[in-house]
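Right, one structure below, let's go through it.
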Amino acid sequence: MNDQYQSPDFQPGPSAPQVDNTASLGKRFLAFLLDGFFWMVALLMVMQSMGLLDPIANPDMQAAQAELQKRVMALSDTQKFMLSLSPFPIFFLLHGFLLHQYGQTLGKRIGGIAVVTMEHQKPAFGQLIMWRYLPQWVIGQIPLVGALLRLIDILAIFRPGHRCIHDHLAKTKVIDLKIPVAAVEGKPTSIII
């Protein structure tokens, strides 16, 4: 390499070997399951507070389902509206602080993985919500097609790079915090989260 701005005896220093610290599919799936579990528990608590889960005398599943539907229809319009919007405040109550501070949901925190920018930095909270989560929520609301689009988004993880479509939209990736990013002067370095 002959660069007119370098001295002829310039020797580049050793570059740090790059390590792929992309989170494994297993860890991401575990975090997804944990997040779903925590969300479901919180949603059931909201439903219980509205009296929707009070014991139903009939053990027949169809009759119980009809009773639950009857209870939902008996709610005031305000209660129905609150119930329909409850997944969003639940999400922010469960994950908002961790996403803001560390780029993690509860499941990701437990699994030792985090969402980072492509430069291994903690993404801005607004970027995470606007480009990573909001598109998923909006797409999920489209009747019939929404579930298929969400499935396509999730299945994109099996491509090289292991990034879902929402990762590409947000310009993020999910990393394993136990795997250092690179070794510099013999010392492993990684993102500090």
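Here, A, B, ... name the chains of the structure tokens in the order displayed, residue numbers run from 1 inside each chain, and ligands are numbered from 1 in the same displayed order.
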**Request:** List the neighbours of Met47 (chain A) out to 12 Å using only C-alpha atoms; skip same-chain residues closer than 6 positions along the sequence, and give me the result as a PyMOL selection string.
**Result:** chain A and resi 40-41+53-54+68+71-72+75+79-80+82-84+86-87
Spatial neighbours of Ala23 (chain A), max dist 8 Å, only C-alpha atoms, sep filter under 4 positions, as a PDB file with all heavy atoms, in the first residue's frame:
ATOM      1  N   LYS A  27     -31.260 -18.333  22.768  1.00  0.00           N
ATOM      2  CA  LYS A  27     -31.375 -17.275  23.776  1.00  0.00           C
ATOM      3  C   LYS A  27     -32.456 -16.268  23.385  1.00  0.00           C
ATOM      4  O   LYS A  27     -33.200 -15.784  24.234  1.00  0.00           O
ATOM      5  CB  LYS A  27     -30.036 -16.558  23.973  1.00  0.00           C
ATOM      6  CG  LYS A  27     -29.066 -17.342  24.822  1.00  0.00           C
ATOM      7  CD  LYS A  27     -27.889 -16.480  25.206  1.00  0.00           C
ATOM      8  CE  LYS A  27     -27.039 -17.225  26.219  1.00  0.00           C
ATOM      9  NZ  LYS A  27     -26.060 -16.357  26.857  1.00  0.00           N
ATOM     10  N   ARG A  28     -32.531 -15.956  22.097  1.00  0.00           N
ATOM     11  CA  ARG A  28     -33.564 -15.020  21.656  1.00  0.00           C
ATOM     12  C   ARG A  28     -34.953 -15.621  21.839  1.00  0.00           C
ATOM     13  O   ARG A  28     -35.883 -14.937  22.251  1.00  0.00           O
ATOM     14  CB  ARG A  28     -33.341 -14.614  20.201  1.00  0.00           C
ATOM     15  CG  ARG A  28     -32.149 -13.679  20.050  1.00  0.00           C
ATOM     16  CD  ARG A  28     -32.027 -13.106  18.691  1.00  0.00           C
ATOM     17  NE  ARG A  28     -33.054 -12.096  18.451  1.00  0.00           N
ATOM     18  CZ  ARG A  28     -33.077 -11.323  17.375  1.00  0.00           C
ATOM     19  NH1 ARG A  28     -32.135 -11.423  16.460  1.00  0.00           N
ATOM     20  NH2 ARG A  28     -34.037 -10.445  17.204  1.00  0.00           N
ATOM     21  N   ILE A 113     -28.861 -11.026  27.024  1.00  0.00           N
ATOM     22  CA  ILE A 113     -28.727 -10.505  25.668  1.00  0.00           C
ATOM     23  C   ILE A 113     -29.281  -9.090  25.650  1.00  0.00           C
ATOM     24  O   ILE A 113     -29.986  -8.671  26.572  1.00  0.00           O
ATOM     25  CB  ILE A 113     -29.440 -11.395  24.627  1.00  0.00           C
ATOM     26  CG1 ILE A 113     -30.945 -11.490  24.894  1.00  0.00           C
ATOM     27  CG2 ILE A 113     -28.802 -12.777  24.601  1.00  0.00           C
ATOM     28  CD1 ILE A 113     -31.707 -12.322  23.865  1.00  0.00           C
ATOM     29  N   VAL A 174     -29.264  -8.052  17.998  1.00  0.00           N
ATOM     30  CA  VAL A 174     -29.314  -8.557  19.369  1.00  0.00           C
ATOM     31  C   VAL A 174     -28.022  -9.315  19.618  1.00  0.00           C
ATOM     32  O   VAL A 174     -27.653 -10.210  18.852  1.00  0.00           O
ATOM     33  CB  VAL A 174     -30.544  -9.460  19.591  1.00  0.00           C
ATOM     34  CG1 VAL A 174     -30.569  -9.976  21.013  1.00  0.00           C
ATOM     35  CG2 VAL A 174     -31.822  -8.697  19.279  1.00  0.00           C
ATOM     36  N   ILE A 175     -27.330  -8.933  20.689  1.00  0.00           N
ATOM     37  CA  ILE A 175     -26.036  -9.541  20.995  1.00  0.00           C
ATOM     38  C   ILE A 175     -26.092 -10.295  22.323  1.00  0.00           C
ATOM     39  O   ILE A 175     -26.940 -10.034  23.164  1.00  0.00           O
ATOM     40  CB  ILE A 175     -24.909  -8.490  21.046  1.00  0.00           C
ATOM     41  CG1 ILE A 175     -25.159  -7.464  22.164  1.00  0.00           C
ATOM     42  CG2 ILE A 175     -24.740  -7.819  19.700  1.00  0.00           C
ATOM     43  CD1 ILE A 175     -23.959  -6.615  22.517  1.00  0.00           C
ATOM     44  N   ASP A 176     -25.159 -11.216  22.460  1.00  0.00           N
ATOM     45  CA  ASP A 176     -24.961 -11.951  23.704  1.00  0.00           C
ATOM     46  C   ASP A 176     -23.936 -11.160  24.512  1.00  0.00           C
ATOM     47  O   ASP A 176     -22.802 -10.976  24.068  1.00  0.00           O
ATOM     48  CB  ASP A 176     -24.458 -13.358  23.394  1.00  0.00           C
ATOM     49  CG  ASP A 176     -24.420 -14.256  24.615  1.00  0.00           C
ATOM     50  OD1 ASP A 176     -24.185 -13.748  25.731  1.00  0.00           O
ATOM     51  OD2 ASP A 176     -24.614 -15.469  24.450  1.00  0.00           O
TER      52      ASP A 176
END
**Prompt:** Using only C-alpha atoms, which residues sit within 12 Å of region 35-39 of chain A once same-chain residues fewer than 6 positions away are excluded, as a PyMOL selection string?
**Reply:** chain A and resi 28-29+45-46+86-95+104-111
**Prompt:** Neighbours of Lys122 (chain A) within 10 Å (only C-alpha atoms; same-chain residues fewer than 4 positions away dropped), as a PyMOL selection string?
**Reply:** chain A and resi 99-104+114-118+128+172+191-193
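A straight line drawn from CA of Tyr133 (chain A) to CA of Lys171 (chain A) is 12.4 Å long.
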**Message:** As an exercise, work out the distance from CA of Val138 (chain A) to CA of Phe32 (chain A) in Å and give it to one decimal place.
**Reply:**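 CA of Phe32 (chain A) lies 18.6 Å from CA of Val138 (chain A).
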**Asked** Which is closer to Val181 (chain A) than all the others in A:His120, A:Arg132, A:Ile152, A:Asp60, using only C-alpha atoms?
**Response**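 Looking only at the distances to Val181 (chain A), the closest residue turns out to be A:His120.
Of the listed residues (A:Ser24, A:Leu85, A:Gln65, A:Lys173), A:Lys173 comes nearest to Gln121 (chain A); the distances count only C-alpha atoms.
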**Request:** Run DSSP on the backbone and grab whatever in chain A lands in helix (DSSP H, G or I); send it over as an MDAnalysis selection string.
**Result:** chainID A and resid 25:49 61:74 77:85 87:102 106:111 125:140 145:158 165:170
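If you measure from each of A:Leu155, A:Leu25, A:Leu52, A:Ala124 to Gln69 (chain A) using only C-alpha atoms, the closest one turns out to be A:Leu52.
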